[in-house]
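J.: Hey, dropping my_file-v2.tsv in here, TSV, C-alpha atoms (C1' of nucleotides):
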```tsv
chain	number	residue	atom	x	y	z
A	1	MET	CA	276.27	40.64	296.21
A	2	ALA	CA	274.01	42.72	298.41
A	3	ALA	CA	275.53	46.06	297.46
A	4	LEU	CA	272.76	46.75	294.96
A	5	ASP	CA	269.95	46.19	297.42
A	6	GLY	CA	271.34	48.56	300.01
A	7	CYS	CA	272.41	51.28	297.62
A	8	VAL	CA	269.76	51.54	294.98
A	9	VAL	CA	266.38	52.50	296.26
A	10	PRO	CA	263.67	51.58	293.72
A	11	GLU	CA	264.22	54.75	291.72
A	12	PRO	CA	265.64	55.78	288.31
A	13	ASP	CA	269.03	54.44	289.38
A	14	ALA	CA	267.83	50.85	289.19
A	15	ALA	CA	266.85	51.18	285.55
A	16	ARG	CA	270.12	52.84	284.73
A	17	VAL	CA	272.15	50.09	286.34
A	18	ALA	CA	270.13	47.43	284.54
A	19	ALA	CA	270.66	49.17	281.22
A	20	THR	CA	274.34	49.48	281.95
A	21	ARG	CA	274.70	45.80	282.74
A	22	ASP	CA	273.16	44.93	279.39
A	23	ARG	CA	275.60	46.98	277.38
A	24	LEU	CA	278.58	46.13	279.55
A	25	VAL	CA	281.52	44.53	277.84
A	26	THR	CA	281.52	40.83	278.50
A	27	PRO	CA	284.04	39.55	281.03
A	28	ASP	CA	285.90	37.96	278.17
A	29	GLU	CA	286.01	41.18	276.16
A	30	ALA	CA	287.08	43.18	279.19
A	31	THR	CA	289.83	40.71	279.89
A	32	ARG	CA	291.12	40.98	276.34
A	33	LEU	CA	290.97	44.77	276.41
A	34	ALA	CA	292.82	44.84	279.71
A	35	GLU	CA	295.37	42.48	278.23
A	36	LEU	CA	295.92	44.88	275.35
A	37	PHE	CA	296.44	47.83	277.69
A	38	ARG	CA	298.58	45.77	280.04
A	39	LEU	CA	300.98	45.07	277.20
A	40	LEU	CA	301.35	48.80	276.55
A	41	GLY	CA	301.71	49.44	280.26
A	42	ASP	CA	305.35	48.58	280.68
A	43	PRO	CA	308.07	51.24	280.32
A	44	THR	CA	310.26	49.07	278.13
A	45	ARG	CA	307.45	47.99	275.83
A	46	ALA	CA	306.00	51.49	275.66
A	47	ARG	CA	309.36	52.94	274.68
A	48	LEU	CA	309.76	50.24	272.05
A	49	LEU	CA	306.36	51.06	270.59
A	50	TYR	CA	306.96	54.81	270.52
A	51	ALA	CA	310.34	54.20	268.92
A	52	LEU	CA	308.55	52.20	266.22
A	53	LEU	CA	305.91	54.91	265.91
A	54	GLU	CA	308.62	57.42	265.09
A	55	ALA	CA	310.99	55.31	263.04
A	56	GLY	CA	308.44	53.17	261.25
A	57	GLU	CA	310.58	50.05	261.24
A	58	LEU	CA	313.56	48.99	263.34
A	59	CYS	CA	315.55	45.82	263.94
A	60	VAL	CA	316.03	44.32	267.38
A	61	CYS	CA	319.52	45.67	267.91
A	62	ASP	CA	318.48	49.20	266.93
A	63	LEU	CA	315.54	48.96	269.32
A	64	ALA	CA	317.80	47.73	272.10
A	65	ASP	CA	320.08	50.68	271.45
A	66	ALA	CA	317.22	53.18	271.32
A	67	VAL	CA	315.54	51.98	274.51
A	68	GLU	CA	318.80	51.19	276.28
A	69	VAL	CA	318.02	47.67	277.45
A	70	THR	CA	319.61	44.34	276.60
A	71	ASP	CA	318.65	42.70	273.33
A	72	THR	CA	317.35	39.76	275.35
A	73	ALA	CA	314.91	41.97	277.20
A	74	VAL	CA	313.86	43.53	273.90
A	75	SER	CA	313.33	40.10	272.40
A	76	HIS	CA	311.15	39.03	275.30
A	77	ALA	CA	309.15	42.23	275.08
A	78	LEU	CA	308.69	41.95	271.32
A	79	ARG	CA	307.49	38.39	271.62
A	80	LEU	CA	304.61	39.49	273.84
A	81	LEU	CA	303.76	42.36	271.50
A	82	ARG	CA	304.03	40.15	268.43
A	83	THR	CA	301.83	37.32	269.72
A	84	ALA	CA	299.27	39.93	270.75
A	85	GLY	CA	299.21	41.36	267.25
A	86	ILE	CA	300.51	44.76	268.33
A	87	VAL	CA	303.66	44.62	266.25
A	88	ALA	CA	304.56	42.71	263.11
A	89	SER	CA	307.97	41.49	261.97
A	90	ARG	CA	309.83	40.98	258.75
A	91	ARG	CA	313.07	39.08	258.25
A	92	ALA	CA	315.88	40.60	256.17
A	93	GLY	CA	318.95	38.40	256.25
A	94	ARG	CA	319.83	37.78	259.87
A	95	MET	CA	318.08	40.87	261.07
A	96	ILE	CA	314.39	41.02	261.90
A	97	TYR	CA	312.61	44.31	261.44
A	98	TYR	CA	309.65	45.20	263.62
A	99	ARG	CA	306.85	47.66	262.95
A	100	LEU	CA	303.51	48.62	264.51
A	101	ALA	CA	300.86	46.16	263.36
A	102	ASP	CA	298.01	48.47	262.36
A	103	ALA	CA	296.56	51.96	262.31
A	104	HIS	CA	294.59	51.49	265.50
A	105	VAL	CA	297.72	50.91	267.51
A	106	ARG	CA	299.23	54.06	266.02
A	107	MET	CA	296.12	56.08	266.87
A	108	LEU	CA	296.11	54.62	270.36
A	109	LEU	CA	299.67	55.76	270.95
A	110	ASP	CA	298.94	59.20	269.50
A	111	LEU	CA	295.78	59.69	271.52
A	112	SER	CA	297.44	58.84	274.79
A	113	ARG	CA	300.03	61.51	274.13
A	114	GLU	CA	297.23	64.00	273.73
A	115	HIS	CA	295.88	62.95	277.10
A	116	LEU	CA	299.28	63.35	278.71
A	117	LYS	CA	299.73	66.82	277.24
A	118	GLU	CA	296.49	68.10	278.66
A	119	THR	CA	296.63	66.53	282.09
A	120	GLY	CA	300.30	67.30	282.65
B	121	MET	CA	319.02	56.29	266.37
B	122	ALA	CA	321.07	54.18	263.99
B	123	ALA	CA	318.26	53.80	261.47
B	124	LEU	CA	318.14	57.56	260.98
B	125	ASP	CA	321.86	58.15	260.60
B	126	GLY	CA	321.54	58.62	256.88
B	127	CYS	CA	318.88	61.30	257.14
B	128	VAL	CA	321.14	64.32	257.37
B	129	VAL	CA	319.57	67.60	256.31
B	130	PRO	CA	322.12	70.39	255.82
B	131	GLU	CA	319.88	73.30	256.74
B	132	PRO	CA	316.97	72.26	258.94
B	133	ASP	CA	314.28	74.89	258.90
B	134	ALA	CA	312.80	75.93	262.22
B	135	ALA	CA	309.27	74.80	261.51
B	136	ARG	CA	310.28	71.27	260.68
B	137	VAL	CA	312.57	71.04	263.69
B	138	ALA	CA	309.75	72.19	265.96
B	139	ALA	CA	307.35	69.74	264.38
B	140	THR	CA	309.84	66.93	264.77
B	141	ARG	CA	310.54	67.75	268.38
B	142	ASP	CA	306.84	67.80	269.04
B	143	ARG	CA	306.53	64.35	267.53
B	144	LEU	CA	309.42	62.87	269.49
B	145	VAL	CA	308.70	60.92	272.62
B	146	THR	CA	311.25	61.32	275.38
B	147	PRO	CA	312.08	58.36	277.64
B	148	ASP	CA	310.42	60.15	280.51
B	149	GLU	CA	307.27	60.77	278.50
B	150	ALA	CA	307.17	57.14	277.38
B	151	THR	CA	307.44	56.04	280.98
B	152	ARG	CA	304.52	58.24	281.97
B	153	LEU	CA	302.52	56.90	279.04
B	154	ALA	CA	303.30	53.38	280.19
B	155	GLU	CA	301.94	54.31	283.60
B	156	LEU	CA	298.71	55.46	281.97
B	157	PHE	CA	298.36	52.22	280.02
B	158	ARG	CA	299.28	50.14	283.05
B	159	LEU	CA	296.32	51.60	284.91
B	160	LEU	CA	293.99	50.55	282.09
B	161	GLY	CA	295.65	47.15	281.94
B	162	ASP	CA	293.82	45.47	284.80
B	163	PRO	CA	290.57	43.54	284.23
B	164	THR	CA	288.79	45.14	287.17
B	165	ARG	CA	289.83	48.68	286.28
B	166	ALA	CA	289.12	48.12	282.61
B	167	ARG	CA	285.60	46.92	283.35
B	168	LEU	CA	285.04	49.88	285.65
B	169	LEU	CA	286.11	52.27	282.93
B	170	TYR	CA	283.95	50.66	280.25
B	171	ALA	CA	281.01	50.71	282.63
B	172	LEU	CA	281.58	54.45	283.06
B	173	LEU	CA	282.00	54.88	279.33
B	174	GLU	CA	278.54	53.45	278.78
B	175	ALA	CA	276.72	54.77	281.82
B	176	GLY	CA	278.33	58.20	281.98
B	177	GLU	CA	278.30	58.38	285.74
B	178	LEU	CA	277.97	55.73	288.46
B	179	CYS	CA	278.44	55.54	292.22
B	180	VAL	CA	280.80	53.07	293.86
B	181	CYS	CA	278.16	50.54	294.87
B	182	ASP	CA	276.65	50.53	291.37
B	183	LEU	CA	280.09	49.99	289.91
B	184	ALA	CA	280.76	47.16	292.35
B	185	ASP	CA	277.52	45.52	291.29
B	186	ALA	CA	278.16	46.02	287.59
B	187	VAL	CA	281.70	44.65	287.69
B	188	GLU	CA	280.91	42.03	290.35
B	189	VAL	CA	283.75	42.92	292.68
B	190	THR	CA	283.67	43.99	296.33
B	191	ASP	CA	283.15	47.69	296.95
B	192	THR	CA	286.50	47.76	298.71
B	193	ALA	CA	288.28	46.50	295.62
B	194	VAL	CA	286.38	49.07	293.55
B	195	SER	CA	287.39	51.83	295.92
B	196	HIS	CA	291.03	50.85	295.71
B	197	ALA	CA	290.83	50.70	291.93
B	198	LEU	CA	289.08	54.07	291.67
B	199	ARG	CA	291.67	55.71	293.87
B	200	LEU	CA	294.40	54.77	291.41
B	201	LEU	CA	292.34	55.98	288.47
B	202	ARG	CA	291.38	59.19	290.25
B	203	THR	CA	294.88	60.17	291.31
B	204	ALA	CA	296.04	59.51	287.77
B	205	GLY	CA	293.39	61.85	286.36
B	206	ILE	CA	291.61	59.11	284.44
B	207	VAL	CA	288.33	59.43	286.31
B	208	ALA	CA	286.75	62.30	288.23
B	209	SER	CA	284.37	62.16	291.16
B	210	ARG	CA	281.43	64.15	292.50
B	211	ARG	CA	279.82	63.77	295.89
B	212	ALA	CA	276.02	63.64	296.18
B	213	GLY	CA	274.96	62.97	299.73
B	214	ARG	CA	276.76	59.93	300.98
B	215	MET	CA	277.28	58.56	297.52
B	216	ILE	CA	280.18	59.50	295.29
B	217	TYR	CA	279.64	59.45	291.56
B	218	TYR	CA	282.50	58.68	289.23
B	219	ARG	CA	282.88	59.56	285.57
B	220	LEU	CA	285.60	59.42	282.90
B	221	ALA	CA	287.83	62.45	283.27
B	222	ASP	CA	288.09	63.68	279.68
B	223	ALA	CA	287.34	63.01	276.04
B	224	HIS	CA	290.74	61.49	275.33
B	225	VAL	CA	290.13	58.69	277.79
B	226	ARG	CA	286.79	58.02	276.13
B	227	MET	CA	288.37	57.94	272.68
B	228	LEU	CA	291.11	55.67	274.00
B	229	LEU	CA	288.57	53.16	275.25
B	230	ASP	CA	286.58	53.36	272.02
B	231	LEU	CA	289.62	52.96	269.84
B	232	SER	CA	290.84	49.88	271.67
B	233	ARG	CA	287.50	48.21	271.16
B	234	GLU	CA	287.85	48.88	267.46
B	235	HIS	CA	291.25	47.26	267.53
B	236	LEU	CA	289.85	44.22	269.31
B	237	LYS	CA	287.01	43.88	266.83
B	238	GLU	CA	289.30	43.93	263.80
B	239	THR	CA	292.08	41.74	265.10
B	240	GLY	CA	289.76	39.18	266.64
C	241	DA	C1'	332.27	23.18	257.48
C	242	DC	C1'	333.14	26.66	260.63
C	243	DA	C1'	332.82	30.95	263.04
C	244	DA	C1'	330.50	35.24	263.76
C	245	DC	C1'	326.39	37.46	264.11
C	246	DA	C1'	321.33	38.59	265.13
C	247	DC	C1'	317.87	36.96	267.46
C	248	DC	C1'	315.07	33.66	270.30
C	249	DT	C1'	313.75	30.82	274.39
C	250	DG	C1'	313.44	28.57	279.18
C	251	DA	C1'	314.28	28.92	283.92
C	252	DA	C1'	314.66	31.46	288.22
C	253	DG	C1'	314.60	35.09	291.45
C	254	DA	C1'	313.69	39.96	292.86
C	255	DG	C1'	310.25	43.18	292.80
C	256	DC	C1'	305.69	44.69	292.18
C	257	DT	C1'	300.41	44.40	292.40
C	258	DA	C1'	295.69	43.20	293.41
C	259	DT	C1'	292.72	41.43	296.52
C	260	DT	C1'	291.05	40.71	301.25
C	261	DC	C1'	290.22	41.80	306.13
C	262	DA	C1'	289.74	45.12	309.55
C	263	DT	C1'	289.06	49.65	310.53
C	264	DA	C1'	288.24	54.60	309.75
C	265	DT	C1'	285.89	58.69	307.79
C	266	DG	C1'	282.05	61.20	306.28
C	267	DT	C1'	276.96	61.75	305.43
C	268	DG	C1'	271.88	61.50	306.33
C	269	DC	C1'	268.13	60.57	309.32
C	270	DA	C1'	265.40	59.87	313.59
D	271	DT	C1'	273.13	62.09	319.88
D	272	DG	C1'	273.12	57.60	318.00
D	273	DC	C1'	272.79	54.63	314.17
D	274	DA	C1'	272.97	52.97	309.42
D	275	DC	C1'	274.92	53.59	305.13
D	276	DA	C1'	278.52	54.70	301.41
D	277	DT	C1'	283.03	55.05	300.73
D	278	DA	C1'	287.95	55.31	301.96
D	279	DT	C1'	292.18	53.57	303.93
D	280	DG	C1'	296.06	50.53	305.94
D	281	DA	C1'	298.30	46.25	306.26
D	282	DA	C1'	299.37	41.72	304.68
D	283	DT	C1'	299.57	37.93	301.70
D	284	DA	C1'	299.21	35.34	297.38
D	285	DG	C1'	300.05	35.77	292.68
D	286	DC	C1'	302.09	37.72	288.86
D	287	DT	C1'	305.90	39.98	285.87
D	288	DC	C1'	310.14	41.75	284.36
D	289	DT	C1'	314.89	41.09	284.02
D	290	DT	C1'	318.92	38.30	283.83
D	291	DC	C1'	321.60	34.22	282.77
D	292	DA	C1'	322.64	30.39	280.05
D	293	DG	C1'	322.04	28.16	276.10
D	294	DG	C1'	319.54	27.51	271.51
D	295	DT	C1'	318.10	28.49	266.40
D	296	DG	C1'	318.74	30.44	261.99
D	297	DT	C1'	321.68	33.22	258.67
D	298	DT	C1'	325.84	35.12	256.39
D	299	DG	C1'	330.49	34.94	254.84
D	300	DT	C1'	334.89	32.49	254.38
```
Now, as a test, write the supplied structure out as structure tokens.
T.:
Amino acid sequence: MAALDGCVVPEPDAARVAATRDRLVTPDEATRLAELFRLLGDPTRARLLYALLEAGELCVCDLADAVEVTDTAVSHALRLLRTAGIVASRRAGRMIYYRLADAHVRMLLDLSREHLKETG
Amino acid sequence: MAALDGCVVPEPDAARVAATRDRLVTPDEATRLAELFRLLGDPTRARLLYALLEAGELCVCDLADAVEVTDTAVSHALRLLRTAGIVASRRAGRMIYYRLADAHVRMLLDLSREHLKETG
DNA sequence: ACAACACCTGAAGAGCTATTCATATGTGCA
DNA sequence: TGCACATATGAATAGCTCTTCAGGTGTTGT
């Protein structure tokens, strides 16, 4: 791409860009990070996760009730979150209880609320 | 929420009620949070943001070079991030320098990398 | 065994999104 | 003023995603 040649005159910028490219997340890592955020970036899934953040552990039917969507939609959503390692599940009889997978996910959800508070 | 039906406190004191209300996420708030995550949940935008996280401040053409996408695509991506308050811009001559908008965004990006490292 | 229940899965269509092309705006320089 | 550069914008299409529907699996109680 010729954008670099036209934009960066041989000046401090060139060194900065080179240094940036070295420390840049690899395409693979960026893709996986985007995938993580993409999974949080759906209203239904986000509401499920924040419900779990507050309640700690909920079964599918309780989640469907809390988020006000069909249990099928909840099940589809939870499958994506589960296979991505964002939530974990535990069977108790015929019910399956879901919870947030780890502390990082909890911190992520908390931090984003902070951002929302300050930016309106 | 059905899971909390048993948690009836006869005389809720004001402080705890306030704290609880502060902790609760309304459907509207969850939807806005999902919108925030959705914007981070695209490979191009994610790579732009991580480039800014590491470089501090970059112009559009430098970003296009770093992420290896056309400057038009970068411009479109930055517009979404800018209007959402995720990045901020500063004009210097004919170039426009972009940076992450606030510390919460930076922490968010850092935290998600931690999550990725630990979960594989 | 059977029925009821809680949950899961595959397929399909409506709706949304990201990229591209073409064009426009704004800035610096001669 | 005219030109080159850096970035922004609008429109359109290809590709993706969420929801729904229909049916499937596993569990409990009778």
J.: Go ahead and align chain B to chain A (same sequence, so just pair every C-alpha in order, least squares) and export the moved chain as a PDB file with C-alpha atoms, keeping the file's coordinate frame.
T.:
```pdb
ATOM      1  CA  MET B 121     277.880  47.074 294.824  1.00  0.00           C
ATOM      2  CA  ALA B 122     276.876  48.739 298.071  1.00  0.00           C
ATOM      3  CA  ALA B 123     277.058  52.250 296.646  1.00  0.00           C
ATOM      4  CA  LEU B 124     274.381  51.395 294.097  1.00  0.00           C
ATOM      5  CA  ASP B 125     271.945  49.708 296.453  1.00  0.00           C
ATOM      6  CA  GLY B 126     269.654  52.694 296.433  1.00  0.00           C
ATOM      7  CA  CYS B 127     269.365  52.830 292.662  1.00  0.00           C
ATOM      8  CA  VAL B 128     266.414  50.509 292.236  1.00  0.00           C
ATOM      9  CA  VAL B 129     264.437  50.976 289.039  1.00  0.00           C
ATOM     10  CA  PRO B 130     261.078  49.175 289.080  1.00  0.00           C
ATOM     11  CA  GLU B 131     260.812  48.499 285.365  1.00  0.00           C
ATOM     12  CA  PRO B 132     264.191  48.487 283.641  1.00  0.00           C
ATOM     13  CA  ASP B 133     263.778  48.897 279.924  1.00  0.00           C
ATOM     14  CA  ALA B 134     265.740  46.574 277.678  1.00  0.00           C
ATOM     15  CA  ALA B 135     267.807  49.234 275.978  1.00  0.00           C
ATOM     16  CA  ARG B 136     269.135  50.645 279.206  1.00  0.00           C
ATOM     17  CA  VAL B 137     269.890  47.201 280.594  1.00  0.00           C
ATOM     18  CA  ALA B 138     271.836  46.329 277.451  1.00  0.00           C
ATOM     19  CA  ALA B 139     273.707  49.606 277.584  1.00  0.00           C
ATOM     20  CA  THR B 140     274.539  49.073 281.227  1.00  0.00           C
ATOM     21  CA  ARG B 141     275.738  45.545 280.670  1.00  0.00           C
ATOM     22  CA  ASP B 142     277.908  46.774 277.858  1.00  0.00           C
ATOM     23  CA  ARG B 143     279.442  49.339 280.170  1.00  0.00           C
ATOM     24  CA  LEU B 144     280.113  46.887 282.985  1.00  0.00           C
ATOM     25  CA  VAL B 145     283.542  45.391 283.331  1.00  0.00           C
ATOM     26  CA  THR B 146     283.614  41.804 284.519  1.00  0.00           C
ATOM     27  CA  PRO B 147     286.438  40.616 286.793  1.00  0.00           C
ATOM     28  CA  ASP B 148     287.741  38.480 283.975  1.00  0.00           C
ATOM     29  CA  GLU B 149     287.730  41.396 281.558  1.00  0.00           C
ATOM     30  CA  ALA B 150     289.503  43.608 284.089  1.00  0.00           C
ATOM     31  CA  THR B 151     292.161  40.963 284.513  1.00  0.00           C
ATOM     32  CA  ARG B 152     292.734  40.804 280.773  1.00  0.00           C
ATOM     33  CA  LEU B 153     292.906  44.590 280.640  1.00  0.00           C
ATOM     34  CA  ALA B 154     295.481  44.513 283.413  1.00  0.00           C
ATOM     35  CA  GLU B 155     297.508  42.098 281.315  1.00  0.00           C
ATOM     36  CA  LEU B 156     297.410  44.562 278.429  1.00  0.00           C
ATOM     37  CA  PHE B 157     298.574  47.427 280.634  1.00  0.00           C
ATOM     38  CA  ARG B 158     301.222  45.269 282.271  1.00  0.00           C
ATOM     39  CA  LEU B 159     302.799  44.686 278.876  1.00  0.00           C
ATOM     40  CA  LEU B 160     303.008  48.441 278.293  1.00  0.00           C
ATOM     41  CA  GLY B 161     304.322  48.947 281.808  1.00  0.00           C
ATOM     42  CA  ASP B 162     307.967  48.108 281.205  1.00  0.00           C
ATOM     43  CA  PRO B 163     310.499  50.799 280.227  1.00  0.00           C
ATOM     44  CA  THR B 164     312.025  48.731 277.440  1.00  0.00           C
ATOM     45  CA  ARG B 165     308.690  47.717 275.938  1.00  0.00           C
ATOM     46  CA  ALA B 166     307.292  51.207 276.322  1.00  0.00           C
ATOM     47  CA  ARG B 167     310.235  52.720 274.471  1.00  0.00           C
ATOM     48  CA  LEU B 168     309.904  50.108 271.744  1.00  0.00           C
ATOM     49  CA  LEU B 169     306.251  50.953 271.298  1.00  0.00           C
ATOM     50  CA  TYR B 170     306.823  54.708 271.196  1.00  0.00           C
ATOM     51  CA  ALA B 171     309.609  54.187 268.691  1.00  0.00           C
ATOM     52  CA  LEU B 172     307.135  52.267 266.525  1.00  0.00           C
ATOM     53  CA  LEU B 173     304.500  54.918 267.071  1.00  0.00           C
ATOM     54  CA  GLU B 174     306.821  57.521 265.601  1.00  0.00           C
ATOM     55  CA  ALA B 175     308.607  55.489 262.960  1.00  0.00           C
ATOM     56  CA  GLY B 176     305.668  53.393 261.796  1.00  0.00           C
ATOM     57  CA  GLU B 177     307.730  50.318 261.118  1.00  0.00           C
ATOM     58  CA  LEU B 178     311.188  49.208 262.276  1.00  0.00           C
ATOM     59  CA  CYS B 179     313.246  46.021 262.210  1.00  0.00           C
ATOM     60  CA  VAL B 180     314.639  44.426 265.353  1.00  0.00           C
ATOM     61  CA  CYS B 181     318.172  45.761 264.997  1.00  0.00           C
ATOM     62  CA  ASP B 182     316.907  49.308 264.406  1.00  0.00           C
ATOM     63  CA  LEU B 183     314.724  49.019 267.473  1.00  0.00           C
ATOM     64  CA  ALA B 184     317.646  47.716 269.518  1.00  0.00           C
ATOM     65  CA  ASP B 185     319.701  50.697 268.422  1.00  0.00           C
ATOM     66  CA  ALA B 186     316.929  53.194 269.075  1.00  0.00           C
ATOM     67  CA  VAL B 187     316.137  51.889 272.552  1.00  0.00           C
ATOM     68  CA  GLU B 188     319.767  51.039 273.365  1.00  0.00           C
ATOM     69  CA  VAL B 189     319.129  47.489 274.495  1.00  0.00           C
ATOM     70  CA  THR B 190     320.572  44.216 273.197  1.00  0.00           C
ATOM     71  CA  ASP B 191     318.771  42.680 270.241  1.00  0.00           C
ATOM     72  CA  THR B 192     318.089  39.629 272.374  1.00  0.00           C
ATOM     73  CA  ALA B 193     316.255  41.700 274.953  1.00  0.00           C
ATOM     74  CA  VAL B 194     314.322  43.386 272.139  1.00  0.00           C
ATOM     75  CA  SER B 195     313.388  40.032 270.676  1.00  0.00           C
ATOM     76  CA  HIS B 196     312.114  38.793 274.007  1.00  0.00           C
ATOM     77  CA  ALA B 197     310.133  41.985 274.500  1.00  0.00           C
ATOM     78  CA  LEU B 198     308.647  41.863 270.998  1.00  0.00           C
ATOM     79  CA  ARG B 199     307.568  38.277 271.461  1.00  0.00           C
ATOM     80  CA  LEU B 200     305.420  39.273 274.424  1.00  0.00           C
ATOM     81  CA  LEU B 201     303.952  42.209 272.533  1.00  0.00           C
ATOM     82  CA  ARG B 202     303.355  40.121 269.422  1.00  0.00           C
ATOM     83  CA  THR B 203     301.602  37.245 271.151  1.00  0.00           C
ATOM     84  CA  ALA B 204     299.423  39.767 272.940  1.00  0.00           C
ATOM     85  CA  GLY B 205     298.390  41.362 269.642  1.00  0.00           C
ATOM     86  CA  ILE B 206     299.949  44.716 270.469  1.00  0.00           C
ATOM     87  CA  VAL B 207     302.432  44.675 267.608  1.00  0.00           C
ATOM     88  CA  ALA B 208     302.444  42.890 264.256  1.00  0.00           C
ATOM     89  CA  SER B 209     305.395  41.723 262.207  1.00  0.00           C
ATOM     90  CA  ARG B 210     306.316  41.365 258.543  1.00  0.00           C
ATOM     91  CA  ARG B 211     309.310  39.541 257.149  1.00  0.00           C
ATOM     92  CA  ALA B 212     311.433  41.179 254.438  1.00  0.00           C
ATOM     93  CA  GLY B 213     314.437  39.063 253.615  1.00  0.00           C
ATOM     94  CA  ARG B 214     316.254  38.249 256.790  1.00  0.00           C
ATOM     95  CA  MET B 215     314.899  41.262 258.582  1.00  0.00           C
ATOM     96  CA  ILE B 216     311.573  41.337 260.370  1.00  0.00           C
ATOM     97  CA  TYR B 217     309.724  44.616 260.542  1.00  0.00           C
ATOM     98  CA  TYR B 218     307.475  45.386 263.467  1.00  0.00           C
ATOM     99  CA  ARG B 219     304.606  47.844 263.671  1.00  0.00           C
ATOM    100  CA  LEU B 220     301.820  48.735 266.118  1.00  0.00           C
ATOM    101  CA  ALA B 221     298.958  46.312 265.644  1.00  0.00           C
ATOM    102  CA  ASP B 222     295.960  48.650 265.515  1.00  0.00           C
ATOM    103  CA  ALA B 223     294.670  52.174 265.939  1.00  0.00           C
ATOM    104  CA  HIS B 224     293.578  51.640 269.530  1.00  0.00           C
ATOM    105  CA  VAL B 225     297.122  50.927 270.623  1.00  0.00           C
ATOM    106  CA  ARG B 226     298.249  54.101 268.887  1.00  0.00           C
ATOM    107  CA  MET B 227     295.536  56.147 270.578  1.00  0.00           C
ATOM    108  CA  LEU B 228     296.428  54.557 273.906  1.00  0.00           C
ATOM    109  CA  LEU B 229     300.036  55.644 273.576  1.00  0.00           C
ATOM    110  CA  ASP B 230     299.026  59.131 272.456  1.00  0.00           C
ATOM    111  CA  LEU B 231     296.534  59.565 275.241  1.00  0.00           C
ATOM    112  CA  SER B 232     298.997  58.577 277.940  1.00  0.00           C
ATOM    113  CA  ARG B 233     301.438  61.173 276.714  1.00  0.00           C
ATOM    114  CA  GLU B 234     298.698  63.751 277.043  1.00  0.00           C
ATOM    115  CA  HIS B 235     298.120  62.624 280.590  1.00  0.00           C
ATOM    116  CA  LEU B 236     301.818  62.921 281.368  1.00  0.00           C
ATOM    117  CA  LYS B 237     302.011  66.400 279.889  1.00  0.00           C
ATOM    118  CA  GLU B 238     299.106  67.722 281.948  1.00  0.00           C
ATOM    119  CA  THR B 239     299.914  66.101 285.255  1.00  0.00           C
ATOM    120  CA  GLY B 240     303.614  66.866 285.076  1.00  0.00           C
TER     121      GLY B 240
END
```
J.: Could you make a table, as CSV, of the residues of chain C that have an atom within 10 Å of an atom of chain B, each with its nearest atom pair and distance in Å to one decimal, counting only C-alpha atoms (C1' of nucleotides), in chain and number order?
T.:
```
residue,atom,partner,partner_atom,distance
C:DA258,C1',B:Ala193,CA,8.4
C:DT259,C1',B:Ala193,CA,6.8
C:DT260,C1',B:Ala193,CA,8.5
C:DG266,C1',B:Arg214,CA,7.6
C:DT267,C1',B:Arg214,CA,4.8
C:DG268,C1',B:Arg214,CA,7.4
```
J.: Using all atoms listed in the file, which residues of chain D come within 10 Å of chain B, and what is the closest atom pair for each, with the distance in Å to one decimal? Give it as CSV, sorted by chain and residue number.
T.:
```
residue,atom,partner,partner_atom,distance
D:DC275,C1',B:Arg214,CA,7.8
D:DA276,C1',B:Arg214,CA,5.5
D:DT277,C1',B:Ser195,CA,7.2
D:DA278,C1',B:Ser195,CA,7.0
D:DT279,C1',B:His196,CA,8.7
```
J.: Distance cut-off 6 Å, counting all atoms listed in the file - which residues of chain B neighbour chain A? Return them as a count of residues only.
T.: 17
J.: Suppose you want the space between CA of Thr83 in chain A and C1' of DA284 in chain D; what is it in Å?
T.: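 Here the two named atoms are 27.9 Å from each other.
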J.: Grab the C1' of DT289 in chain D to C1' of DA246 in chain C distance for me, in Å with one decimal place.
T.: 20.1 Å
J.: List every protein, DNA or RNA residue with an atom no more than 10 Å from (321.2, 28.5, 274.4) in the file's coordinates, counting all atoms listed in the file, and format the result as JSON, numbers by chain.
T.: {"C": [248, 249, 250], "D": [292, 293, 294, 295]}
J.: State, in Å with one decimal place, the distance from C1' of DC256 in chain C to C1' of DT290 in chain D.
T.: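 About the pair C1' of DC256 in chain C and C1' of DT290 in chain D: they are 16.9 Å apart.
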